[in-house]
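A.B. asks: Just one file: data_35.tsv, with TSV, C-alpha atoms.
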chain	number	residue	atom	x	y	z
A	1	MET	CA	32.68	11.81	68.09
A	2	PRO	CA	30.95	10.89	64.80
A	3	PHE	CA	31.16	13.25	61.88
A	4	ALA	CA	28.09	15.42	61.32
A	5	MET	CA	27.12	17.35	58.22
A	6	MET	CA	29.68	20.00	57.30
A	7	THR	CA	28.14	23.13	55.75
A	8	PHE	CA	29.66	26.28	54.31
A	9	SER	CA	28.93	29.03	51.80
A	10	LEU	CA	30.87	30.76	49.04
A	11	THR	CA	30.28	34.33	47.91
A	12	ALA	CA	32.34	34.36	44.72
A	13	GLN	CA	31.01	33.08	41.39
A	14	LEU	CA	31.94	29.43	40.74
A	15	PRO	CA	34.24	29.05	37.73
A	16	SER	CA	34.35	25.89	35.64
A	17	GLY	CA	37.16	23.59	36.74
A	18	LYS	CA	37.37	22.07	33.25
A	19	ASN	CA	38.01	25.42	31.56
A	20	SER	CA	40.56	26.52	34.15
A	21	VAL	CA	43.44	24.32	33.03
A	22	LEU	CA	46.26	25.48	30.78
A	23	VAL	CA	48.34	23.01	28.80
A	24	THR	CA	51.99	23.88	28.24
A	25	ARG	CA	53.98	23.08	25.10
A	26	THR	CA	55.36	20.03	26.88
A	27	GLY	CA	51.85	18.79	27.70
A	28	GLN	CA	51.94	19.67	31.38
A	29	ARG	CA	48.52	20.64	32.76
A	30	ILE	CA	48.49	23.58	35.20
A	31	PRO	CA	45.64	25.64	36.69
A	32	SER	CA	45.15	29.09	35.20
A	33	PRO	CA	46.22	32.10	37.29
A	34	ARG	CA	42.56	33.19	37.49
A	35	PHE	CA	41.53	29.79	38.91
A	36	VAL	CA	44.46	29.76	41.36
A	37	GLU	CA	43.37	33.17	42.70
A	38	TRP	CA	39.71	32.08	42.95
A	39	ARG	CA	40.75	28.87	44.76
A	40	ARG	CA	42.94	30.81	47.20
A	41	GLN	CA	40.11	33.22	48.08
A	42	ALA	CA	37.47	30.46	48.26
A	43	ALA	CA	39.69	28.29	50.49
A	44	LYS	CA	40.19	31.20	52.86
A	45	GLU	CA	36.41	31.67	53.01
A	46	VAL	CA	35.71	27.94	53.53
A	47	LEU	CA	38.36	27.41	56.20
A	48	THR	CA	36.92	30.23	58.34
A	49	GLN	CA	33.57	28.37	58.38
A	50	VAL	CA	34.81	24.81	59.09
A	51	THR	CA	36.46	23.69	62.33
A	52	ALA	CA	39.69	21.70	62.27
A	53	THR	CA	38.04	18.75	64.05
A	54	GLU	CA	35.68	18.23	61.09
A	55	LYS	CA	38.36	17.49	58.53
A	56	PRO	CA	39.48	15.54	56.64
A	57	LEU	CA	36.48	13.36	55.97
A	58	ARG	CA	37.38	9.69	55.56
A	59	GLY	CA	35.20	7.27	53.64
A	60	PRO	CA	32.33	7.83	51.19
A	61	CYS	CA	30.37	11.06	51.40
A	62	GLY	CA	27.60	12.96	49.67
A	63	LEU	CA	27.62	16.53	48.44
A	64	ARG	CA	24.62	18.85	48.29
A	65	VAL	CA	24.92	22.20	46.50
A	66	SER	CA	22.34	24.98	46.40
A	67	TYR	CA	23.42	27.45	43.75
A	68	VAL	CA	22.12	30.78	42.48
A	69	PRO	CA	24.37	32.50	39.91
A	70	GLN	CA	25.18	36.20	40.07
A	71	ASP	CA	24.07	36.72	36.48
A	72	ARG	CA	21.80	35.09	33.89
A	73	ARG	CA	24.53	33.31	31.91
A	74	ARG	CA	24.24	29.59	31.31
A	75	ARG	CA	26.63	27.54	33.41
A	76	ASP	CA	28.51	24.29	32.93
A	77	VAL	CA	27.35	22.42	36.04
A	78	SER	CA	29.76	19.51	35.56
A	79	GLY	CA	32.62	22.01	35.29
A	80	GLN	CA	31.47	23.78	38.44
A	81	LEU	CA	31.30	20.45	40.28
A	82	ASP	CA	34.85	19.73	39.12
A	83	CYS	CA	35.85	23.10	40.56
A	84	LEU	CA	34.16	22.32	43.90
A	85	PHE	CA	35.81	18.88	44.04
A	86	HIS	CA	39.23	20.52	43.56
A	87	LEU	CA	38.39	23.04	46.30
A	88	LEU	CA	37.31	20.33	48.76
A	89	GLU	CA	40.64	18.52	48.25
A	90	TYR	CA	42.67	21.75	48.38
A	91	CYS	CA	41.04	22.72	51.71
A	92	GLY	CA	41.67	19.25	53.13
A	93	LEU	CA	37.96	18.54	53.69
A	94	VAL	CA	38.26	15.23	51.81
A	95	GLN	CA	41.34	13.16	51.12
A	96	ASP	CA	40.35	12.50	47.52
A	97	ASP	CA	37.38	13.61	45.41
A	98	SER	CA	36.65	9.96	44.60
A	99	GLN	CA	35.15	9.78	48.12
A	100	ILE	CA	32.14	11.75	46.86
A	101	HIS	CA	29.64	9.06	45.89
A	102	GLY	CA	26.53	11.19	45.47
A	103	VAL	CA	25.72	14.75	44.41
A	104	VAL	CA	22.52	16.76	44.67
A	105	TRP	CA	22.65	20.06	42.76
A	106	THR	CA	19.77	22.53	43.03
A	107	ARG	CA	19.50	25.87	41.32
A	108	ASP	CA	17.17	28.22	43.11
A	109	ARG	CA	15.80	31.64	42.28
A	110	ASP	CA	17.00	33.55	45.29
A	111	VAL	CA	19.71	35.96	46.29
A	112	PRO	CA	22.95	34.84	44.55
A	113	HIS	CA	24.75	32.25	46.67
A	114	THR	CA	26.52	28.93	46.76
A	115	ARG	CA	25.70	26.78	49.80
A	116	ILE	CA	27.48	23.46	50.19
A	117	ALA	CA	26.83	20.55	52.55
A	118	LEU	CA	29.16	17.58	52.87
A	119	LEU	CA	27.88	14.50	54.70
A	120	PRO	CA	29.33	11.04	55.30
A	121	LEU	CA	27.27	8.28	53.72
A	122	THR	CA	25.98	5.55	55.97
A	123	PRO	CA	25.63	2.06	54.48
A	124	GLY	CA	21.96	1.19	53.96
A	125	VAL	CA	20.71	4.80	54.22
A	126	PRO	CA	19.65	6.31	50.87
A	127	PHE	CA	21.60	9.43	49.96
A	128	VAL	CA	18.53	11.36	48.78
A	129	ARG	CA	17.04	11.45	52.30
A	130	TRP	CA	19.22	14.26	53.53
Translate this file's structure into structure tokens.
C.D. replies:
Amino acid sequence: MPFAMMTFSLTAQLPSGKNSVLVTRTGQRIPSPRFVEWRRQAAKEVLTQVTATEKPLRGPCGLRVSYVPQDRRRRDVSGQLDCLFHLLEYCGLVQDDSQIHGVVWTRDRDVPHTRIALLPLTPGVPFVRW
């Protein structure tokens, strides 16, 4: 059975993946406790919305994100994408975040939400069509 679009939503505010790394005195990079807790909760939420037969995605894929923050603060979109990429790997939805070849990020003015769609890319079909 071919892979169809995988969609899911997150209710918690997206942190920045770039600002969630601590560096030890020896130079080791580890995720902050706050990020680890967010990732644990978000993974639990994602895995209840995605069936086991849909994962892991193999090959190139595209990511579409519709995002409305819970407050009016400015956000670091590249950091939030980094955070989502880590989450997709952690949940086993992709084998490696290098599989994501295209991203569409929209910021709406709606009820706060984060809606994510993950779709395999088909050779010869433009990514922007979906």
A.B. asks: Find the residues near Ser98 (chain A): any atom within 9 Å, counting all atoms listed in the file, skip ones fewer than 2 places away on the same chain, and give them as a PyMOL selection string.
C.D. replies: chain A and resi 60+85+95-96+100-101
A.B. asks: Any idea what's packed within 7 Å of His113 (chain A), counting only C-alpha atoms, ignoring anything in its chain fewer than 3 positions away? Could you give it as an mmCIF file with C-alpha atoms, keeping the file's coordinate frame?
C.D. replies:
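Final output, out22.cif:
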data_model
loop_
_atom_site.group_PDB
_atom_site.id
_atom_site.type_symbol
_atom_site.label_atom_id
_atom_site.label_comp_id
_atom_site.auth_asym_id
_atom_site.auth_seq_id
_atom_site.Cartn_x
_atom_site.Cartn_y
_atom_site.Cartn_z
ATOM 1 C CA LEU A 10 30.870 30.760 49.040
ATOM 2 C CA THR A 11 30.280 34.330 47.910
ATOM 3 C CA TYR A 67 23.420 27.450 43.750
ATOM 4 C CA VAL A 68 22.120 30.780 42.480
ATOM 5 C CA PRO A 69 24.370 32.500 39.910
#
A.B. asks: If you count only C-alpha atoms, which residues fall within 12 Å of Ser20 (chain A), apart from same-chain ones fewer than 2 positions away, as JSON, numbers by chain?
C.D. replies: {"A": [14, 15, 16, 17, 18, 22, 23, 29, 30, 31, 32, 33, 34, 35, 36, 37, 38, 39, 79, 80, 82, 83, 86]}
A.B. asks: When you draw a straight line from CA of Asp110 (chain A) to CA of Val77 (chain A), how long is it in Å?
C.D. replies: 17.8 Å
A.B. asks: If we count all atoms listed in the file, what is near Phe8 (chain A) at a cut-off of 7 Å, once residues fewer than 4 positions away on the same chain are taken out, given as a VMD selection string?
C.D. replies: chain A and resid 46 49 115 to 117
A.B. asks: Would you mind exporting C-alpha atoms of the selected residues as a PDB file, in the frame of the given file?
C.D. replies:
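See out_13.pdb below for the written result:
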ATOM      1  CA  VAL A  46      35.710  27.940  53.530  1.00  0.00           C
ATOM      2  CA  GLN A  49      33.570  28.370  58.380  1.00  0.00           C
ATOM      3  CA  ARG A 115      25.700  26.780  49.800  1.00  0.00           C
ATOM      4  CA  ILE A 116      27.480  23.460  50.190  1.00  0.00           C
ATOM      5  CA  ALA A 117      26.830  20.550  52.550  1.00  0.00           C
TER       6      ALA A 117
END
A.B. asks: So which one's closest to Thr48 (chain A), A:Thr7, A:Thr122, A:Gln13, A:Gln28? Using all atoms listed in the file, please.
C.D. replies: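 Closest candidate: A:Thr7.
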